[in-house]
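> Pasting upload.cif below, which is mmCIF, C-alpha atoms.
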data_final
#
loop_
_atom_site.group_PDB
_atom_site.id
_atom_site.type_symbol
_atom_site.label_atom_id
_atom_site.label_comp_id
_atom_site.auth_asym_id
_atom_site.auth_seq_id
_atom_site.Cartn_x
_atom_site.Cartn_y
_atom_site.Cartn_z
ATOM 1 C CA MET W 288 8.716 3.634 23.551
ATOM 2 C CA ASP W 289 4.933 3.603 23.925
ATOM 3 C CA LEU W 290 3.902 1.119 21.226
ATOM 4 C CA ASN W 291 0.208 1.854 21.674
ATOM 5 C CA ALA W 292 0.842 5.534 20.973
ATOM 6 C CA GLU W 293 3.028 4.711 17.949
ATOM 7 C CA LEU W 294 0.381 2.391 16.510
ATOM 8 C CA TYR W 295 -2.413 4.886 17.191
ATOM 9 C CA GLN W 296 -0.564 7.787 15.542
ATOM 10 C CA THR W 297 0.610 5.738 12.564
ATOM 11 C CA ALA W 298 -2.844 4.288 11.903
ATOM 12 C CA ALA W 299 -4.572 7.665 12.291
ATOM 13 C CA SER W 300 -2.136 9.214 9.846
ATOM 14 C CA ILE W 301 -2.641 6.439 7.243
ATOM 15 C CA PHE W 302 -6.442 6.578 7.519
ATOM 16 C CA GLU W 303 -6.183 10.315 6.956
ATOM 17 C CA GLU W 304 -3.630 10.310 4.111
ATOM 18 C CA VAL W 305 -4.817 7.253 2.183
ATOM 19 C CA GLY W 306 -8.459 6.875 3.212
ATOM 20 C CA PHE W 307 -9.313 10.558 3.721
ATOM 21 C CA ILE W 308 -11.022 9.603 6.981
ATOM 22 C CA PHE W 309 -10.213 11.653 10.042
ATOM 23 C CA LEU W 310 -9.894 10.755 13.694
ATOM 24 C CA MET W 311 -12.639 11.848 16.088
ATOM 25 C CA PRO W 312 -11.654 13.372 19.438
ATOM 26 C CA GLU W 313 -13.426 10.659 21.426
ATOM 27 C CA MET W 314 -15.284 7.368 21.013
ATOM 28 C CA SER W 315 -19.076 7.589 20.999
ATOM 29 C CA ASP W 316 -21.297 4.864 22.467
ATOM 30 C CA GLU W 317 -22.491 4.112 18.941
ATOM 31 C CA GLN W 318 -18.920 3.547 17.768
ATOM 32 C CA ARG W 319 -18.110 1.440 20.824
ATOM 33 C CA ASP W 320 -21.103 -0.835 20.146
ATOM 34 C CA ALA W 321 -20.720 -0.914 16.349
ATOM 35 C CA GLU W 322 -20.849 -4.218 14.481
ATOM 36 C CA LEU W 323 -17.854 -5.833 12.860
ATOM 37 C CA GLU W 324 -17.793 -5.396 9.054
ATOM 38 C CA ALA W 325 -14.544 -7.092 8.073
ATOM 39 C CA ALA W 326 -11.105 -7.898 9.404
ATOM 40 C CA VAL W 327 -7.733 -8.667 7.847
ATOM 41 C CA TYR W 328 -4.222 -9.434 8.971
ATOM 42 C CA VAL W 329 -0.752 -9.152 7.523
ATOM 43 C CA GLU W 330 2.238 -11.093 8.775
ATOM 44 C CA PHE W 331 5.804 -9.850 8.707
ATOM 45 C CA GLU W 332 9.222 -11.395 9.157
ATOM 46 C CA GLY W 333 12.782 -10.173 9.081
ATOM 47 C CA HIS W 334 14.351 -8.200 11.926
ATOM 48 C CA SER W 335 11.434 -9.495 14.009
ATOM 49 C CA ARG W 336 8.330 -11.564 13.279
ATOM 50 C CA GLY W 337 4.693 -10.940 13.982
ATOM 51 C CA ARG W 338 1.389 -9.740 12.637
ATOM 52 C CA LEU W 339 -0.844 -6.726 12.391
ATOM 53 C CA VAL W 340 -4.607 -7.244 12.630
ATOM 54 C CA LEU W 341 -7.064 -4.587 11.448
ATOM 55 C CA ALA W 342 -10.846 -4.739 11.958
ATOM 56 C CA ALA W 343 -13.444 -2.299 10.612
ATOM 57 C CA TYR W 344 -16.734 -1.551 12.394
ATOM 58 C CA GLY W 345 -19.893 0.498 11.978
ATOM 59 C CA GLY W 346 -19.854 1.749 8.374
ATOM 60 C CA LEU W 347 -16.133 2.410 7.993
ATOM 61 C CA LEU W 348 -15.548 -0.151 5.239
ATOM 62 C CA PRO W 349 -17.624 1.233 2.300
ATOM 63 C CA VAL W 350 -16.635 4.821 3.050
ATOM 64 C CA LEU W 351 -12.956 3.892 3.211
ATOM 65 C CA ALA W 352 -13.073 1.987 -0.086
ATOM 66 C CA GLY W 353 -15.105 4.735 -1.782
ATOM 67 C CA ASN W 354 -12.654 7.401 -0.668
ATOM 68 C CA MET W 355 -9.636 5.368 -1.742
ATOM 69 C CA LEU W 356 -11.132 4.703 -5.167
ATOM 70 C CA GLY W 357 -12.567 8.205 -5.506
ATOM 71 C CA GLU W 358 -15.990 6.768 -6.351
ATOM 72 C CA ASN W 359 -19.397 7.690 -4.992
ATOM 73 C CA GLY W 360 -21.218 4.734 -6.532
ATOM 74 C CA PRO W 361 -21.561 1.229 -5.145
ATOM 75 C CA ILE W 362 -18.300 -0.490 -4.237
ATOM 76 C CA SER W 363 -18.124 -4.273 -4.415
ATOM 77 C CA GLU W 364 -17.399 -6.329 -1.305
ATOM 78 C CA ASP W 365 -14.157 -7.498 -2.930
ATOM 79 C CA GLN W 366 -13.033 -3.903 -3.410
ATOM 80 C CA GLN W 367 -13.975 -3.058 0.182
ATOM 81 C CA ARG W 368 -11.916 -5.955 1.552
ATOM 82 C CA ASP W 369 -9.075 -5.085 -0.832
ATOM 83 C CA ALA W 370 -9.083 -1.506 0.471
ATOM 84 C CA LEU W 371 -8.967 -2.658 4.091
ATOM 85 C CA GLY W 372 -6.110 -5.029 3.279
ATOM 86 C CA GLU W 373 -4.109 -2.244 1.637
ATOM 87 C CA ILE W 374 -4.623 -0.016 4.671
ATOM 88 C CA ALA W 375 -3.368 -2.837 6.925
ATOM 89 C CA ASN W 376 -0.365 -3.352 4.656
ATOM 90 C CA ILE W 377 0.523 0.341 4.648
ATOM 91 C CA ILE W 378 0.089 0.717 8.413
ATOM 92 C CA CYS W 379 2.328 -2.318 8.940
ATOM 93 C CA GLY W 380 4.971 -1.004 6.547
ATOM 94 C CA ASN W 381 5.004 2.331 8.330
ATOM 95 C CA ILE W 382 4.853 1.202 11.970
ATOM 96 C CA LEU W 383 7.769 -1.257 11.724
ATOM 97 C CA PRO W 384 10.449 1.340 10.848
ATOM 98 C CA ARG W 385 9.035 3.653 13.520
ATOM 99 C CA ILE W 386 9.600 0.933 16.101
ATOM 100 C CA THR W 387 12.765 -0.798 14.883
ATOM 101 C CA GLY W 388 14.484 1.868 12.737
ATOM 102 C CA THR W 389 14.801 2.270 8.992
ATOM 103 C CA THR W 390 17.771 -0.030 8.441
ATOM 104 C CA ASN W 391 15.999 -3.329 9.148
ATOM 105 C CA LEU W 392 14.642 -5.403 6.288
ATOM 106 C CA PHE W 393 11.113 -6.829 6.591
ATOM 107 C CA HIS W 394 8.956 -8.950 4.342
ATOM 108 C CA ILE W 395 5.252 -8.217 4.718
ATOM 109 C CA SER W 396 2.766 -10.842 3.522
ATOM 110 C CA ALA W 397 -0.264 -10.182 1.365
ATOM 111 C CA PRO W 398 -3.297 -9.235 3.497
ATOM 112 C CA ARG W 399 -5.550 -12.144 4.461
ATOM 113 C CA PRO W 400 -9.219 -11.753 5.454
ATOM 114 C CA ILE W 401 -10.286 -13.298 8.759
ATOM 115 C CA ASP W 402 -13.742 -13.981 10.174
ATOM 116 C CA ALA W 403 -15.164 -12.900 13.535
ATOM 117 C CA LYS W 404 -14.091 -16.122 15.256
ATOM 118 C CA GLU W 405 -10.478 -15.836 14.074
ATOM 119 C CA LEU W 406 -10.461 -12.152 14.988
ATOM 120 C CA ALA W 407 -11.640 -12.954 18.522
ATOM 121 C CA SER W 408 -8.889 -15.545 18.949
ATOM 122 C CA TYR W 409 -6.202 -13.108 17.728
ATOM 123 C CA MET W 410 -7.543 -10.373 19.974
ATOM 124 C CA ALA W 411 -7.340 -12.708 22.973
ATOM 125 C CA GLU W 412 -3.632 -13.449 22.406
ATOM 126 C CA PRO W 413 -0.870 -11.489 24.167
ATOM 127 C CA ASN W 414 0.045 -8.464 22.050
ATOM 128 C CA SER W 415 2.612 -5.718 21.760
ATOM 129 C CA ALA W 416 0.033 -3.003 21.112
ATOM 130 C CA ALA W 417 -3.743 -2.758 20.736
ATOM 131 C CA VAL W 418 -5.692 0.396 19.916
ATOM 132 C CA GLN W 419 -9.177 1.502 18.905
ATOM 133 C CA LEU W 420 -9.586 4.494 16.587
ATOM 134 C CA PRO W 421 -12.835 6.469 16.618
ATOM 135 C CA LEU W 422 -13.131 7.687 13.039
ATOM 136 C CA GLU W 423 -15.484 10.013 11.195
ATOM 137 C CA GLU W 424 -17.277 6.918 10.012
ATOM 138 C CA GLY W 425 -17.222 3.892 12.306
ATOM 139 C CA ARG W 426 -14.259 2.520 14.200
ATOM 140 C CA ALA W 427 -11.013 0.671 13.502
ATOM 141 C CA ASP W 428 -9.381 -1.771 15.918
ATOM 142 C CA LEU W 429 -5.721 -2.647 15.503
ATOM 143 C CA LEU W 430 -3.550 -5.228 17.136
ATOM 144 C CA LEU W 431 0.212 -5.572 16.741
ATOM 145 C CA VAL W 432 2.105 -8.677 17.764
ATOM 146 C CA MET W 433 5.922 -8.640 17.591
ATOM 147 C CA ARG W 434 8.124 -11.530 18.637
ATOM 148 C CA MET Y 1024 5.571 13.133 -25.482
ATOM 149 C CA SER Y 1025 3.221 11.191 -23.226
ATOM 150 C CA LEU Y 1026 4.376 8.280 -21.100
ATOM 151 C CA ASN Y 1027 2.871 4.832 -21.516
ATOM 152 C CA VAL Y 1028 2.801 3.373 -18.024
ATOM 153 C CA LEU Y 1029 2.529 -0.130 -16.579
ATOM 154 C CA VAL Y 1030 1.180 -0.407 -13.009
ATOM 155 C CA VAL Y 1031 1.847 -3.754 -11.313
ATOM 156 C CA ASP Y 1032 0.180 -4.398 -7.959
ATOM 157 C CA ASP Y 1033 -1.896 -7.318 -6.669
ATOM 158 C CA SER Y 1034 -4.391 -4.885 -5.124
ATOM 159 C CA ALA Y 1035 -6.895 -3.482 -7.635
ATOM 160 C CA VAL Y 1036 -7.631 -0.656 -5.206
ATOM 161 C CA MET Y 1037 -3.956 0.284 -4.977
ATOM 162 C CA ARG Y 1038 -3.626 0.179 -8.774
ATOM 163 C CA ALA Y 1039 -6.573 2.575 -8.981
ATOM 164 C CA ILE Y 1040 -4.939 4.895 -6.411
ATOM 165 C CA ILE Y 1041 -1.620 4.872 -8.277
ATOM 166 C CA ILE Y 1042 -3.339 5.624 -11.598
ATOM 167 C CA LYS Y 1043 -5.402 8.418 -10.043
ATOM 168 C CA THR Y 1044 -2.254 9.875 -8.467
ATOM 169 C CA LEU Y 1045 -0.393 9.643 -11.786
ATOM 170 C CA HIS Y 1046 -3.120 11.704 -13.461
ATOM 171 C CA LEU Y 1047 -2.980 14.227 -10.597
ATOM 172 C CA SER Y 1048 0.814 14.505 -10.882
ATOM 173 C CA GLY Y 1049 0.692 16.783 -13.923
ATOM 174 C CA LEU Y 1050 2.866 14.400 -15.939
ATOM 175 C CA PRO Y 1051 1.885 13.634 -19.549
ATOM 176 C CA ILE Y 1052 0.369 10.179 -19.130
ATOM 177 C CA GLY Y 1053 -0.532 8.154 -22.233
ATOM 178 C CA GLU Y 1054 -1.752 4.555 -22.172
ATOM 179 C CA VAL Y 1055 -1.975 2.930 -18.744
ATOM 180 C CA HIS Y 1056 -1.602 -0.849 -18.536
ATOM 181 C CA GLN Y 1057 -2.285 -2.894 -15.415
ATOM 182 C CA ALA Y 1058 -1.037 -6.229 -14.087
ATOM 183 C CA ALA Y 1059 -1.700 -8.087 -10.830
ATOM 184 C CA ASN Y 1060 1.763 -9.661 -10.444
ATOM 185 C CA GLY Y 1061 5.245 -9.693 -11.938
ATOM 186 C CA ARG Y 1062 4.531 -12.476 -14.413
ATOM 187 C CA GLU Y 1063 1.507 -10.657 -15.828
ATOM 188 C CA GLY Y 1064 3.600 -7.485 -15.904
ATOM 189 C CA LEU Y 1065 6.280 -9.163 -18.039
ATOM 190 C CA LYS Y 1066 3.607 -10.302 -20.511
ATOM 191 C CA VAL Y 1067 2.347 -6.723 -20.835
ATOM 192 C CA LEU Y 1068 5.911 -5.493 -21.429
ATOM 193 C CA ASP Y 1069 6.385 -8.139 -24.087
ATOM 194 C CA SER Y 1070 3.431 -7.004 -26.163
ATOM 195 C CA ASN Y 1071 3.187 -3.244 -25.585
ATOM 196 C CA ARG Y 1072 5.341 -0.134 -25.790
ATOM 197 C CA VAL Y 1073 5.820 0.885 -22.169
ATOM 198 C CA ASP Y 1074 7.954 3.863 -21.086
ATOM 199 C CA LEU Y 1075 7.734 3.398 -17.321
ATOM 200 C CA ALA Y 1076 6.777 0.643 -14.872
ATOM 201 C CA LEU Y 1077 5.446 1.217 -11.358
ATOM 202 C CA VAL Y 1078 5.823 -2.029 -9.447
ATOM 203 C CA ASP Y 1079 4.845 -3.278 -5.984
ATOM 204 C CA ILE Y 1080 7.212 -5.646 -4.155
ATOM 205 C CA ASN Y 1081 5.027 -8.188 -2.363
ATOM 206 C CA MET Y 1082 2.836 -9.964 -4.890
ATOM 207 C CA PRO Y 1083 1.838 -13.596 -5.429
ATOM 208 C CA ASP Y 1084 3.244 -15.729 -8.274
ATOM 209 C CA MET Y 1085 6.128 -13.351 -9.129
ATOM 210 C CA ASN Y 1086 7.070 -10.498 -6.805
ATOM 211 C CA GLY Y 1087 8.380 -7.098 -7.835
ATOM 212 C CA GLU Y 1088 12.042 -7.859 -7.198
ATOM 213 C CA GLU Y 1089 11.871 -11.011 -9.331
ATOM 214 C CA MET Y 1090 10.112 -9.061 -12.076
ATOM 215 C CA LEU Y 1091 12.784 -6.352 -11.920
ATOM 216 C CA GLU Y 1092 15.512 -8.987 -12.341
ATOM 217 C CA GLU Y 1093 13.751 -10.387 -15.431
ATOM 218 C CA VAL Y 1094 13.293 -6.873 -16.831
ATOM 219 C CA ARG Y 1095 17.015 -6.183 -16.492
ATOM 220 C CA LEU Y 1096 17.929 -9.509 -18.174
ATOM 221 C CA ASN Y 1097 15.810 -8.776 -21.274
ATOM 222 C CA PRO Y 1098 17.647 -6.608 -23.866
ATOM 223 C CA LYS Y 1099 14.298 -5.084 -24.850
ATOM 224 C CA THR Y 1100 13.606 -3.782 -21.316
ATOM 225 C CA VAL Y 1101 17.076 -3.594 -19.770
ATOM 226 C CA SER Y 1102 16.941 0.191 -19.465
ATOM 227 C CA LEU Y 1103 13.203 0.543 -18.759
ATOM 228 C CA PRO Y 1104 12.641 3.080 -15.942
ATOM 229 C CA VAL Y 1105 11.171 1.166 -12.989
ATOM 230 C CA VAL Y 1106 9.762 2.741 -9.847
ATOM 231 C CA VAL Y 1107 9.050 0.394 -6.968
ATOM 232 C CA VAL Y 1108 6.002 1.581 -5.009
ATOM 233 C CA SER Y 1109 5.783 -0.269 -1.732
ATOM 234 C CA THR Y 1110 5.481 -0.139 2.041
ATOM 235 C CA ASP Y 1111 8.681 -2.200 2.377
ATOM 236 C CA GLY Y 1112 11.139 0.657 2.305
ATOM 237 C CA SER Y 1113 14.069 -0.143 4.571
ATOM 238 C CA ASP Y 1114 17.408 1.478 3.749
ATOM 239 C CA LYS Y 1115 18.781 -1.941 2.715
ATOM 240 C CA ARG Y 1116 15.926 -2.607 0.299
ATOM 241 C CA VAL Y 1117 16.147 0.858 -1.269
ATOM 242 C CA GLU Y 1118 19.905 0.390 -1.711
ATOM 243 C CA MET Y 1119 19.350 -3.007 -3.367
ATOM 244 C CA LEU Y 1120 16.762 -1.511 -5.719
ATOM 245 C CA HIS Y 1121 19.076 1.368 -6.649
ATOM 246 C CA LYS Y 1122 21.751 -1.187 -7.555
ATOM 247 C CA LYS Y 1123 19.235 -2.741 -9.947
ATOM 248 C CA GLY Y 1124 18.522 0.626 -11.498
ATOM 249 C CA ALA Y 1125 15.136 1.224 -9.866
ATOM 250 C CA GLU Y 1126 13.816 4.113 -7.809
ATOM 251 C CA PHE Y 1127 11.667 3.729 -4.723
ATOM 252 C CA VAL Y 1128 8.472 5.487 -3.611
ATOM 253 C CA HIS Y 1129 7.127 4.715 -0.166
ATOM 254 C CA LYS Y 1130 3.386 4.210 0.448
ATOM 255 C CA PRO Y 1131 1.601 6.468 1.206
ATOM 256 C CA PHE Y 1132 2.753 8.889 -1.487
ATOM 257 C CA THR Y 1133 1.638 12.193 -2.967
ATOM 258 C CA PRO Y 1134 1.307 13.266 -6.624
ATOM 259 C CA GLU Y 1135 4.330 15.519 -6.028
ATOM 260 C CA THR Y 1136 6.516 12.627 -4.819
ATOM 261 C CA LEU Y 1137 5.500 10.513 -7.789
ATOM 262 C CA ARG Y 1138 6.115 13.385 -10.214
ATOM 263 C CA GLU Y 1139 9.591 14.154 -8.826
ATOM 264 C CA THR Y 1140 10.662 10.505 -8.945
ATOM 265 C CA ILE Y 1141 9.302 9.886 -12.441
ATOM 266 C CA THR Y 1142 10.738 13.132 -13.810
ATOM 267 C CA LYS Y 1143 14.129 12.206 -12.354
ATOM 268 C CA MET Y 1144 14.016 8.809 -14.097
ATOM 269 C CA THR Y 1145 12.448 9.693 -17.427
ATOM 270 C CA GLY Y 1146 13.040 13.404 -17.881
ATOM 271 C CA ALA Y 1147 9.316 13.719 -18.644
ATOM 272 C CA ALA Y 1148 8.092 17.300 -18.664
ATOM 273 C CA ASN Y 1149 5.052 18.413 -16.706
ATOM 274 C CA ASN Y 1150 1.764 18.779 -18.563
ATOM 275 C CA ASN Y 1151 1.378 22.242 -17.085
ATOM 276 C CA GLY Y 1152 4.907 23.509 -17.550
ATOM 277 C CA PRO Y 1153 6.727 24.861 -20.600
#
Do you think you could lay out the structure here as structure tokens?

Amino acid sequence: MDLNAELYQTAASIFEEVGFIFLMPEMSDEQRDAELEAAVYVEFEGHSRGRLVLAAYGGLLPVLAGNMLGENGPISEDQQRDALGEIANIICGNILPRITGTTNLFHISAPRPIDAKELASYMAEPNSAAVQLPLEEGRADLLLVMR
Amino acid sequence: MSLNVLVVDDSAVMRAIIIKTLHLSGLPIGEVHQAANGREGLKVLDSNRVDLALVDINMPDMNGEEMLEEVRLNPKTVSLPVVVVSTDGSDKRVEMLHKKGAEFVHKPFTPETLRETITKMTGAANNNGP
């Protein structure tokens, strides 16, 4: 099984269904160089243990939260982080059964925000899958670690 | 008759999505109460008439499964329709929830999925239908 492909497809589908943000056919230079806005991780345990890290870049965060809430007005930073955490939680809950089957029980932790330094250290660790999604607005980086 | 609903989720954004989806489902929705964890949810149930609870699993303080157990132990809420809305939807978990008299809706979900599950549990008629 190609875990990168599974993670990419699952994340793209969740961004589309929950965040109403669609995948772009290729990554632009602007997206590649975009600045980090926020990052979160969720941990899971059960059939296997690990974590999923999700980072938002280049304007993704406010658009995502606005779409999820169905609001055009200003969205608070708390709501933006909350929205990103929910997306991470849903991606995690959907990728695990795709990889391990639907019979295995998992417990997924509440999403936790991480800063740029923590994100860099997680990104440097060995992983099971790592993908970058070029989205209509900005970019999302995902990292999956399974032990 | 409209349904008074309790939505229990630690994410305010997810509560907003669930409430928006409920209104899009075509079901007759009355008062909507919110709680950020199971303990808060039990307090709402204690002081309001609620016809249906939509509950997340993973929450701080008291999770959805613990709340469901308390709901089933209380004579006032023993037969309250409860729908667990979560990403944690393994076959084992869904089976355990069914044994406790709850239905399960996997995130992400559509208004149609929510409507079918709620109609099955409550017999509520659509707003648009006869």
> Please write the residues picked by the PyMOL selection byres ((chain Y) within 6 of (chain W)) on this file as an MDAnalysis selection string.
chainID Y and resid 1036 1110:1111 1113:1114
> Take the PyMOL selection byres ((chain W and resi 319-329) around 6), apply it to the structure above, and return the hits as a list of chain:residue names.
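With the PyMOL selection byres ((chain W and resi 319-329) around 6) on this model, the match is W:Asp316, W:Glu317, W:Gln318, W:Glu330, W:Arg338, W:Leu339, W:Val340, W:Leu341, W:Ala342, W:Ala343, W:Tyr344, W:Gly345, W:Ser396, W:Pro398, W:Arg399, W:Pro400, W:Ile401.
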> Box for range 418-428 of chain W: with edges along x, y and z, all listed atoms inside and 8 Å added on each side, what are the centre and edge lengths in Å to one decimal, as AutoDock Vina command-line options?

--center_x -11.5 --center_y 4.1 --center_z 15.0 --size_x 27.6 --size_y 27.8 --size_z 25.9
> From the set W:Ile382, W:Leu351, W:Glu424, W:Leu406, which residue has the shortest atom-to-atom contact distance to Gln296 in chain W, counting all atoms listed in the file?
W:Ile382
> Please provide as a list in words all residues within 9 Å of Pro1083 in chain Y, with the sequence filter that same-chain residues fewer than 6 positions apart are discarded (counting all atoms listed in the file).
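Once the nearby chain positions are removed, what remains is Ala397 of chain W; Asp1033, Ala1059, Asn1060 and Gly1061 of chain Y.
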> Running the PyMOL selection byres ((chain Y and resi 1147) around 9) on this model by hand, what would come out? Give it as a PDB file with C-alpha atoms, in the coordinates of the input.

ATOM      1  CA  MET Y1024       5.571  13.133 -25.482  1.00  0.00           C
ATOM      2  CA  SER Y1025       3.221  11.191 -23.226  1.00  0.00           C
ATOM      3  CA  LEU Y1026       4.376   8.280 -21.100  1.00  0.00           C
ATOM      4  CA  LEU Y1050       2.866  14.400 -15.939  1.00  0.00           C
ATOM      5  CA  PRO Y1051       1.885  13.634 -19.549  1.00  0.00           C
ATOM      6  CA  ILE Y1141       9.302   9.886 -12.441  1.00  0.00           C
ATOM      7  CA  THR Y1142      10.738  13.132 -13.810  1.00  0.00           C
ATOM      8  CA  LYS Y1143      14.129  12.206 -12.354  1.00  0.00           C
ATOM      9  CA  MET Y1144      14.016   8.809 -14.097  1.00  0.00           C
ATOM     10  CA  THR Y1145      12.448   9.693 -17.427  1.00  0.00           C
ATOM     11  CA  GLY Y1146      13.040  13.404 -17.881  1.00  0.00           C
ATOM     12  CA  ALA Y1148       8.092  17.300 -18.664  1.00  0.00           C
ATOM     13  CA  ASN Y1149       5.052  18.413 -16.706  1.00  0.00           C
TER      14      ASN Y1149
END
> Which residues, written as a list in words, have at least one atom at most 6 Å from range 1119-1127 of chain Y, with only C-alpha atoms counted and residues fewer than 3 positions away on the same chain left out?
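The residues that qualify are Val1105, Val1106, Val1107 and Arg1116 of chain Y.
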> When you draw a straight line from CA of His1046 in chain Y to CA of Leu422 in chain W, how long is it in Å?
28.6 Å
> CA of Arg1138 in chain Y and CA of Phe307 in chain W, how far apart in Å?
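So the two atoms, CA of Phe307 in chain W and CA of Arg1138 in chain Y, lie 21.0 Å apart.
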> Using all atoms listed in the file, which residue out of Y:Val1028, Y:Leu1096, Y:Met1090, Y:Ile1052 lies closest to Leu1065 in chain Y?
Y:Met1090
> List the spatial neighbours of Glu1088 in chain Y as a PyMOL selection string - criterion: any atom at most 9 Å away, all atoms listed in the file, same-chain residues fewer than 3 positions off excluded.
chain Y and resi 1061+1078-1081+1085+1091-1093+1107+1120
> Interatomic distance between CA of Ser1070 in chain Y and CA of Val1108 in chain Y?
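Interatomic distance, CA of Ser1070 in chain Y to CA of Val1108 in chain Y: 23.0 Å.
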> Out of Y:Leu1103, Y:Arg1038, Y:Glu1089, Y:Glu1135, which residue has the shortest atom-to-atom distance to Gln1057 in chain Y when counting only C-alpha atoms?
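Closest residue, counting only C-alpha atoms: Y:Arg1038.
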